[in-house]
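Structure data (mmCIF, C-alpha atoms and all ligand atoms) from coords18.cif:
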```cif
data_my_file
loop_
_atom_site.label_atom_id
_atom_site.label_comp_id
_atom_site.auth_asym_id
_atom_site.auth_seq_id
_atom_site.Cartn_x
_atom_site.Cartn_y
_atom_site.Cartn_z
CA MET E 30 10.11 14.34 -12.30
CA THR E 31 8.34 12.03 -9.85
CA GLY E 32 9.26 12.05 -6.17
CA VAL E 33 8.13 9.98 -3.20
CA ARG E 34 7.67 11.43 0.28
CA ARG E 35 5.90 10.67 3.54
CA LEU E 36 2.46 12.12 4.13
CA GLN E 37 2.71 15.02 6.59
CA GLY E 38 0.41 15.96 9.46
CA GLY E 39 -2.50 18.09 8.25
CA GLU E 40 -2.67 16.44 4.80
CA THR E 41 -5.96 14.64 5.39
CA ALA E 42 -7.45 16.05 2.15
CA LEU E 43 -4.57 14.65 0.09
CA LEU E 44 -4.88 11.24 1.77
CA ARG E 45 -8.62 11.15 1.06
CA GLU E 46 -8.20 12.32 -2.55
CA LEU E 47 -5.64 9.61 -3.35
CA ARG E 48 -7.38 6.84 -1.48
CA LEU E 49 -10.77 7.54 -3.10
CA ALA E 50 -9.14 7.76 -6.54
CA ALA E 51 -7.54 4.35 -5.93
CA LEU E 52 -10.76 2.69 -4.76
CA ARG E 53 -12.67 4.22 -7.70
CA GLU E 54 -10.13 3.23 -10.35
CA ALA E 55 -9.06 -0.23 -9.14
CA PRO E 56 -11.90 -1.73 -7.02
CA ASP E 57 -10.66 -5.31 -7.44
CA ALA E 58 -7.27 -4.47 -5.92
CA PHE E 59 -8.39 -3.45 -2.44
CA ALA E 60 -10.13 -4.95 0.58
CA ARG E 61 -12.37 -1.92 1.14
CA THR E 62 -15.05 -0.70 -1.27
CA LEU E 63 -15.45 2.83 -2.60
CA VAL E 64 -19.00 3.00 -1.22
CA ASP E 65 -17.76 2.09 2.22
CA ALA E 66 -15.04 4.75 2.11
CA LEU E 67 -17.43 7.40 0.76
CA THR E 68 -19.84 6.85 3.63
CA GLN E 69 -17.25 7.23 6.39
CA PRO E 70 -17.44 10.28 8.67
CA GLU E 71 -14.73 12.95 8.60
CA THR E 72 -13.16 11.42 11.73
CA TYR E 73 -12.35 8.26 9.75
CA TRP E 74 -10.00 10.29 7.53
CA THR E 75 -8.51 12.42 10.30
CA ASP E 76 -7.89 9.29 12.40
CA MET E 77 -6.21 7.62 9.41
CA GLU E 78 -4.08 10.70 8.78
CA ARG E 79 -2.97 10.74 12.42
CA SER E 80 -2.18 7.03 12.37
CA VAL E 81 0.18 7.40 9.38
CA THR E 82 1.91 10.58 10.54
CA ASP E 83 2.56 9.49 14.13
CA PRO E 84 6.17 8.18 13.94
CA ALA E 85 5.33 5.46 16.48
CA ARG E 86 2.60 4.02 14.26
CA HIS E 87 2.11 3.54 10.52
CA VAL E 88 3.32 5.36 7.43
CA MET E 89 1.93 6.53 4.11
CA PHE E 90 4.05 7.51 1.12
CA VAL E 91 2.80 9.83 -1.61
CA ALA E 92 4.22 9.94 -5.15
CA GLU E 93 4.09 13.33 -6.87
CA ASP E 94 4.75 14.28 -10.48
CA GLY E 95 5.73 17.89 -9.92
CA PRO E 96 2.79 19.27 -7.95
CA ARG E 97 0.42 16.49 -9.03
CA PRO E 98 -0.16 13.56 -6.64
CA VAL E 99 0.03 10.33 -8.65
CA GLY E 100 0.25 7.47 -6.16
CA LEU E 101 0.19 6.18 -2.61
CA VAL E 102 1.08 3.22 -0.45
CA PHE E 103 0.75 2.38 3.24
CA GLY E 104 3.19 0.65 5.59
CA ILE E 105 1.37 -0.82 8.57
CA ARG E 106 2.78 -2.02 11.90
CA LYS E 107 1.24 -5.47 12.20
CA SER E 108 3.32 -6.99 15.00
CA ALA E 109 6.74 -6.63 16.57
CA THR E 110 8.29 -8.51 13.65
CA ASP E 111 5.92 -7.93 10.72
CA ALA E 112 4.92 -4.91 8.67
CA ASP E 113 2.16 -4.94 6.04
CA LEU E 114 2.38 -3.19 2.70
CA GLY E 115 -1.09 -2.10 1.56
CA GLY E 116 -3.16 0.27 -0.55
CA MET E 117 -0.58 0.51 -3.34
CA TRP E 118 -1.94 2.55 -6.26
CA VAL E 119 -0.49 4.58 -9.13
CA ASP E 120 -2.57 6.88 -11.33
CA PRO E 121 -2.95 5.13 -14.73
CA ARG E 122 -1.40 8.20 -16.45
CA ALA E 123 1.78 7.73 -14.39
CA ARG E 124 2.16 3.94 -14.69
CA GLY E 125 5.06 2.12 -16.29
CA ARG E 126 7.59 4.73 -15.20
CA GLY E 127 8.86 3.22 -11.95
CA VAL E 128 6.46 5.01 -9.57
CA GLY E 129 5.07 1.77 -8.08
CA ARG E 130 8.56 0.42 -7.61
CA ALA E 131 9.64 3.63 -5.82
CA LEU E 132 6.59 3.49 -3.54
CA GLY E 133 7.16 -0.18 -2.72
CA GLN E 134 10.84 0.42 -2.06
CA ALA E 135 9.94 3.27 0.30
CA VAL E 136 7.85 0.88 2.44
CA VAL E 137 10.59 -1.75 2.40
CA ASP E 138 13.19 0.85 3.44
CA TRP E 139 10.89 2.12 6.21
CA ALA E 140 10.27 -1.43 7.48
CA ARG E 141 13.99 -2.19 7.47
CA SER E 142 14.82 1.01 9.34
CA GLU E 143 12.10 0.20 11.90
CA GLN E 144 13.76 -3.20 12.50
CA PHE E 145 10.90 -5.34 11.16
CA SER E 146 11.87 -8.86 10.10
CA ARG E 147 9.32 -9.23 7.30
CA VAL E 148 6.99 -7.28 5.04
CA LEU E 149 3.72 -9.01 4.13
CA LEU E 150 1.05 -8.14 1.59
CA TRP E 151 -2.00 -9.57 -0.16
CA VAL E 152 -2.54 -9.35 -3.90
CA THR E 153 -5.52 -10.39 -6.02
CA ASP E 154 -4.97 -13.45 -8.22
CA GLY E 155 -4.43 -12.38 -11.80
CA ASN E 156 -3.18 -8.87 -10.94
CA LEU E 157 -0.03 -9.40 -12.97
CA PRO E 158 1.29 -5.81 -12.83
CA ALA E 159 1.18 -5.83 -9.03
CA GLN E 160 2.49 -9.39 -8.63
CA THR E 161 5.39 -8.66 -10.97
CA LEU E 162 6.16 -5.39 -9.22
CA TYR E 163 6.31 -7.15 -5.84
CA GLU E 164 8.49 -9.95 -7.25
CA ARG E 165 10.90 -7.33 -8.58
CA LEU E 166 11.11 -5.94 -5.04
CA GLY E 167 12.03 -9.41 -3.76
CA PHE E 168 8.64 -10.62 -2.46
CA VAL E 169 7.75 -14.28 -2.88
CA ALA E 170 4.31 -15.92 -2.76
CA THR E 171 3.48 -17.89 0.37
CA ARG E 172 0.96 -20.74 0.48
CA ARG E 173 -1.65 -18.57 2.21
CA ARG E 174 -4.78 -17.87 0.19
CA ASP E 175 -7.93 -15.90 1.00
CA THR E 176 -10.75 -14.03 -0.72
CA LEU E 177 -10.94 -10.29 -1.30
CA PRO E 178 -13.20 -8.82 1.43
CA SER E 179 -14.66 -6.25 -0.98
CA ASN E 180 -15.45 -8.97 -3.56
CA PRO E 181 -15.33 -12.53 -2.17
CA ALA E 182 -15.59 -13.91 -5.70
CA LEU E 183 -11.94 -12.95 -6.13
CA ALA E 184 -9.06 -14.93 -4.66
CA THR E 185 -6.02 -13.33 -3.09
CA MET E 186 -2.57 -14.59 -2.22
CA GLU E 187 -0.07 -13.52 0.38
CA MET E 188 3.45 -12.43 -0.57
CA ARG E 189 6.33 -11.99 1.83
CA LEU E 190 9.73 -10.34 1.93
CA HIS E 191 12.34 -11.25 4.55
CA LEU E 192 14.43 -8.27 5.62
CA GLY E 193 17.13 -10.01 7.62
CA ASN E 194 16.42 -7.97 10.76
CA GLY E 195 16.32 -10.28 13.78
CA ALA E 196 14.90 -13.80 13.62
CA SER E 197 11.40 -14.87 12.65
CA ALA E 198 9.83 -18.09 11.47
CA PRO E 199 9.79 -18.41 7.66
C1 LIG V 201 0.53 -2.27 -9.76
C2 LIG V 201 0.86 -0.80 -9.97
C3 LIG V 201 1.00 -0.13 -8.61
C4 LIG V 201 2.21 -0.70 -10.72
O1 LIG V 201 2.58 0.67 -10.74
P1 LIG V 201 3.62 1.24 -11.86
O2 LIG V 201 4.04 2.57 -11.43
O3 LIG V 201 3.03 1.09 -13.20
O4 LIG V 201 4.81 0.18 -11.72
P2 LIG V 201 6.34 0.44 -12.15
O5 LIG V 201 6.38 1.26 -13.39
O6 LIG V 201 7.10 0.90 -10.97
O7 LIG V 201 6.79 -1.03 -12.50
C5 LIG V 201 7.59 -1.80 -11.63
C6 LIG V 201 7.62 -3.22 -12.12
O8 LIG V 201 6.31 -3.79 -12.03
C7 LIG V 201 6.08 -4.64 -13.15
N1 LIG V 201 4.94 -4.13 -13.92
C8 LIG V 201 4.39 -2.90 -13.84
N2 LIG V 201 3.35 -2.82 -14.70
C9 LIG V 201 3.27 -4.02 -15.30
C10 LIG V 201 2.41 -4.56 -16.28
N3 LIG V 201 1.39 -3.85 -16.79
N4 LIG V 201 2.59 -5.85 -16.66
C11 LIG V 201 3.59 -6.60 -16.14
N5 LIG V 201 4.46 -6.12 -15.21
C12 LIG V 201 4.29 -4.86 -14.81
C13 LIG V 201 7.35 -4.63 -13.96
O9 LIG V 201 8.15 -5.71 -13.54
C14 LIG V 201 7.99 -3.33 -13.57
O10 LIG V 201 9.38 -3.35 -13.64
P3 LIG V 201 10.16 -3.20 -15.03
O11 LIG V 201 9.52 -2.05 -15.73
O12 LIG V 201 11.56 -2.93 -14.59
O13 LIG V 201 9.98 -4.50 -15.72
C15 LIG V 201 -0.20 -0.10 -10.83
O14 LIG V 201 -0.43 -0.86 -12.02
C16 LIG V 201 -1.54 0.09 -10.13
O15 LIG V 201 -1.76 1.07 -9.40
N6 LIG V 201 -2.51 -0.85 -10.34
C17 LIG V 201 -3.84 -0.73 -9.76
C18 LIG V 201 -3.83 -0.88 -8.25
C19 LIG V 201 -3.21 -2.17 -7.80
O16 LIG V 201 -3.34 -3.21 -8.44
N7 LIG V 201 -2.51 -2.12 -6.65
C20 LIG V 201 -1.87 -3.27 -6.05
C21 LIG V 201 -2.70 -3.75 -4.91
S1 LIG V 201 -1.98 -5.26 -4.20
#
```
So, in terms of structure tokens, how does the structure I just supplied come out?
Ligand SMILES: CC(C)(COP(=O)(O)OP(=O)(O)OC[C@H]1O[C@@H](n2cnc3c(N)ncnc32)[C@H](O)[C@@H]1OP(=O)(O)O)[C@@H](O)C(=O)NCCC(=O)NCCS
Amino acid sequence: MTGVRRLQGGETALLRELRLAALREAPDAFARTLVDALTQPETYWTDMERSVTDPARHVMFVAEDGPRPVGLVFGIRKSATDADLGGMWVDPRARGRGVGRALGQAVVDWARSEQFSRVLLWVTDGNLPAQTLYERLGFVATRRRDTLPSNPALATMEMRLHLGNGASAP
């Protein structure tokens, strides 16, 4: 039985384990490289843990299959109106069972409860599983395009979900 919960204070090791597993397994999905993450000092991870467990800042959700961590996603405060969804990853052994959808929904629910107007994300062109997952959650592609910072040979596109909280430009 898979559950989704917020990362708690003091769980820096779990954050690092999941994040490194994601960067190792799916390098073309993320802006940061594994090498970059592996060479960061301990404070990088403790700072990140604090930033996602401080209720006034960001959030990280962990998916667990029993005791086994199998996925993560971040919700980031970008501005007064916009939240970013980032770092979405599900262990290949746990895919196709609704874990990604549950993680994405957790960020959307958090953003709605925090009164954000929109959730934004970037996805690599051709990443059909992720694009389809986000479409199922209600995200639509915008016209904004960029390249993946970790591999500028790859193109990325922005997707956006309007939450109906307050008013913001489309
Ligand atoms: C994208 C990812 C998170 C999906 O996780 P998952 O747990 O397998 O997804 P779910 O089982 O919740 O699927 C939810 C929906 O996504 C879509 N989807 C998932 N896998 C898919 C696939 N291989 N092909 C097409 N659509 C897919 C489906 O629409 C699915 O809904 P449905 O089963 O009702 O049709 C996972 O494949 C992953 O971690 N990929 C590598 C990292 C990555 O690309 N992250 C995204 C960065 S932007």
Determine, using all atoms listed in the file, which residues of chain E have any atom at most 10 Å from an atom of ligand LIG 201 (chain V), and tabulate each with its shortest atom pair and distance in Å to one decimal place, rows ordered by chain and then rising number, as JSON lines.
```
{"residue": "E:Ala51", "atom": "CA", "partner": "V:LIG201", "partner_atom": "C18", "distance": 6.8}
{"residue": "E:Leu52", "atom": "CA", "partner": "V:LIG201", "partner_atom": "C18", "distance": 8.5}
{"residue": "E:Glu54", "atom": "CA", "partner": "V:LIG201", "partner_atom": "C17", "distance": 7.5}
{"residue": "E:Ala55", "atom": "CA", "partner": "V:LIG201", "partner_atom": "C17", "distance": 5.3}
{"residue": "E:Pro56", "atom": "CA", "partner": "V:LIG201", "partner_atom": "C18", "distance": 8.2}
{"residue": "E:Asp57", "atom": "CA", "partner": "V:LIG201", "partner_atom": "O16", "distance": 7.7}
{"residue": "E:Ala58", "atom": "CA", "partner": "V:LIG201", "partner_atom": "C21", "distance": 4.7}
{"residue": "E:Phe59", "atom": "CA", "partner": "V:LIG201", "partner_atom": "C21", "distance": 6.2}
{"residue": "E:Ala60", "atom": "CA", "partner": "V:LIG201", "partner_atom": "C21", "distance": 9.3}
{"residue": "E:Ala92", "atom": "CA", "partner": "V:LIG201", "partner_atom": "O2", "distance": 9.7}
{"residue": "E:Val99", "atom": "CA", "partner": "V:LIG201", "partner_atom": "O2", "distance": 9.2}
{"residue": "E:Gly100", "atom": "CA", "partner": "V:LIG201", "partner_atom": "O15", "distance": 7.4}
{"residue": "E:Leu101", "atom": "CA", "partner": "V:LIG201", "partner_atom": "O15", "distance": 8.7}
{"residue": "E:Val102", "atom": "CA", "partner": "V:LIG201", "partner_atom": "C3", "distance": 8.8}
{"residue": "E:Leu114", "atom": "CA", "partner": "V:LIG201", "partner_atom": "S1", "distance": 8.4}
{"residue": "E:Gly115", "atom": "CA", "partner": "V:LIG201", "partner_atom": "S1", "distance": 6.6}
{"residue": "E:Gly116", "atom": "CA", "partner": "V:LIG201", "partner_atom": "C21", "distance": 5.9}
{"residue": "E:Met117", "atom": "CA", "partner": "V:LIG201", "partner_atom": "N7", "distance": 4.6}
{"residue": "E:Trp118", "atom": "CA", "partner": "V:LIG201", "partner_atom": "O15", "distance": 3.5}
{"residue": "E:Val119", "atom": "CA", "partner": "V:LIG201", "partner_atom": "O15", "distance": 3.7}
{"residue": "E:Asp120", "atom": "CA", "partner": "V:LIG201", "partner_atom": "O15", "distance": 6.2}
{"residue": "E:Pro121", "atom": "CA", "partner": "V:LIG201", "partner_atom": "O15", "distance": 6.8}
{"residue": "E:Arg122", "atom": "CA", "partner": "V:LIG201", "partner_atom": "O3", "distance": 9.0}
{"residue": "E:Ala123", "atom": "CA", "partner": "V:LIG201", "partner_atom": "O2", "distance": 6.4}
{"residue": "E:Arg124", "atom": "CA", "partner": "V:LIG201", "partner_atom": "O3", "distance": 3.3}
{"residue": "E:Gly125", "atom": "CA", "partner": "V:LIG201", "partner_atom": "O5", "distance": 3.3}
{"residue": "E:Arg126", "atom": "CA", "partner": "V:LIG201", "partner_atom": "O5", "distance": 4.1}
{"residue": "E:Gly127", "atom": "CA", "partner": "V:LIG201", "partner_atom": "O6", "distance": 3.1}
{"residue": "E:Val128", "atom": "CA", "partner": "V:LIG201", "partner_atom": "O2", "distance": 3.9}
{"residue": "E:Gly129", "atom": "CA", "partner": "V:LIG201", "partner_atom": "O2", "distance": 3.6}
{"residue": "E:Arg130", "atom": "CA", "partner": "V:LIG201", "partner_atom": "O6", "distance": 3.7}
{"residue": "E:Ala131", "atom": "CA", "partner": "V:LIG201", "partner_atom": "O6", "distance": 6.4}
{"residue": "E:Leu132", "atom": "CA", "partner": "V:LIG201", "partner_atom": "O6", "distance": 7.9}
{"residue": "E:Gly133", "atom": "CA", "partner": "V:LIG201", "partner_atom": "O6", "distance": 8.3}
{"residue": "E:Gln134", "atom": "CA", "partner": "V:LIG201", "partner_atom": "O6", "distance": 9.7}
{"residue": "E:Leu150", "atom": "CA", "partner": "V:LIG201", "partner_atom": "S1", "distance": 7.1}
{"residue": "E:Trp151", "atom": "CA", "partner": "V:LIG201", "partner_atom": "S1", "distance": 5.9}
{"residue": "E:Val152", "atom": "CA", "partner": "V:LIG201", "partner_atom": "S1", "distance": 4.1}
{"residue": "E:Thr153", "atom": "CA", "partner": "V:LIG201", "partner_atom": "S1", "distance": 6.5}
{"residue": "E:Asp154", "atom": "CA", "partner": "V:LIG201", "partner_atom": "S1", "distance": 9.6}
{"residue": "E:Gly155", "atom": "CA", "partner": "V:LIG201", "partner_atom": "O16", "distance": 9.8}
{"residue": "E:Asn156", "atom": "CA", "partner": "V:LIG201", "partner_atom": "O16", "distance": 6.2}
{"residue": "E:Leu157", "atom": "CA", "partner": "V:LIG201", "partner_atom": "C11", "distance": 5.6}
{"residue": "E:Pro158", "atom": "CA", "partner": "V:LIG201", "partner_atom": "C9", "distance": 3.6}
{"residue": "E:Ala159", "atom": "CA", "partner": "V:LIG201", "partner_atom": "C1", "distance": 3.7}
{"residue": "E:Gln160", "atom": "CA", "partner": "V:LIG201", "partner_atom": "C1", "distance": 7.5}
{"residue": "E:Thr161", "atom": "CA", "partner": "V:LIG201", "partner_atom": "C7", "distance": 4.6}
{"residue": "E:Leu162", "atom": "CA", "partner": "V:LIG201", "partner_atom": "O8", "distance": 3.2}
{"residue": "E:Tyr163", "atom": "CA", "partner": "V:LIG201", "partner_atom": "O8", "distance": 7.0}
{"residue": "E:Glu164", "atom": "CA", "partner": "V:LIG201", "partner_atom": "O9", "distance": 7.6}
{"residue": "E:Arg165", "atom": "CA", "partner": "V:LIG201", "partner_atom": "O9", "distance": 5.9}
{"residue": "E:Leu166", "atom": "CA", "partner": "V:LIG201", "partner_atom": "C6", "distance": 8.3}
{"residue": "E:Thr185", "atom": "CA", "partner": "V:LIG201", "partner_atom": "S1", "distance": 9.1}
{"residue": "E:Met186", "atom": "CA", "partner": "V:LIG201", "partner_atom": "S1", "distance": 9.6}
{"residue": "E:Glu187", "atom": "CA", "partner": "V:LIG201", "partner_atom": "S1", "distance": 9.6}
{"residue": "E:Met188", "atom": "CA", "partner": "V:LIG201", "partner_atom": "S1", "distance": 9.7}
```
Given the choices E:Arg79, E:Arg53, E:Lys107, E:Arg61, which gets closest to Gly39 (chain E) if the distance is worked out from only C-alpha atoms?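 Looking only at the distances to Gly39 (chain E), the closest residue turns out to be E:Arg79.
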Between CA of Leu149 (chain E) and CA of Thr176 (chain E), what is the spacing in Å?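 Taking CA of Thr176 (chain E) and CA of Leu149 (chain E), their separation equals 16.1 Å.
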What is the CA of Leu190 (chain E)-CA of Gly167 (chain E) distance in Å, reported with one decimal?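 These atoms are spaced 6.2 Å apart.
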Among listed residues E:Val136, E:Leu183, E:Thr75, E:Ala50, nearest Val88 (chain E) (using only C-alpha atoms): E:Val136
Straight-line distance linking CA of Arg106 (chain E) with CA of Asp65 (chain E), stated in Å to one decimal: 23.1 Å
Nearest to Asn180 (chain E) among E:Ile105, E:Ala85, E:Val137, E:Leu63, with distances taken over all atoms listed in the file: which residue is it?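 Of E:Ile105, E:Ala85, E:Val137, E:Leu63, the one nearest Asn180 (chain E) is E:Leu63, counting all atoms listed in the file.
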So which residues touch Ala109 (chain E) within 12 Å, counting all atoms listed in the file, skipping near sequence neighbours fewer than 2 positions away, as a PyMOL selection string? chain E and resi 86+105-107+111-113+140+143-148+194-197
Write out the residues from the selection above, keeping C-alpha atoms, as a compact mmCIF listing (two decimals), keeping the file's coordinate frame.
```txt
# COMPACT_ATOMS: atom_id res chain seq x y z
CA ARG E 86 2.60 4.02 14.26
CA ILE E 105 1.37 -0.82 8.57
CA ARG E 106 2.78 -2.02 11.90
CA LYS E 107 1.24 -5.47 12.20
CA ASP E 111 5.92 -7.93 10.72
CA ALA E 112 4.92 -4.91 8.67
CA ASP E 113 2.16 -4.94 6.04
CA ALA E 140 10.27 -1.43 7.48
CA GLU E 143 12.10 0.20 11.90
CA GLN E 144 13.76 -3.20 12.50
CA PHE E 145 10.90 -5.34 11.16
CA SER E 146 11.87 -8.86 10.10
CA ARG E 147 9.32 -9.23 7.30
CA VAL E 148 6.99 -7.28 5.04
CA ASN E 194 16.42 -7.97 10.76
CA GLY E 195 16.32 -10.28 13.78
CA ALA E 196 14.90 -13.80 13.62
CA SER E 197 11.40 -14.87 12.65
```
Excluding Asp94 (chain E) and residues on its chain fewer than 6 positions from it, collect all residues at most 7 Å away from it, counting all atoms listed in the file, and give them as number ranges by chain. E: 30-32
Determine, counting all atoms listed in the file, which protein, DNA and RNA residues have an atom within 10 Å of an atom of Val81 (chain E); residues of the same chain fewer than 4 positions away are not included. Present the result as a list in words.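 Within the cut-off, the hits are Arg35, Leu36, Gln37, Gly38, Leu44, Asp76, Met77, Ala85, Arg86, His87, Val88, Met89, Phe90, Phe103, Gly104 and Ile105 of chain E.
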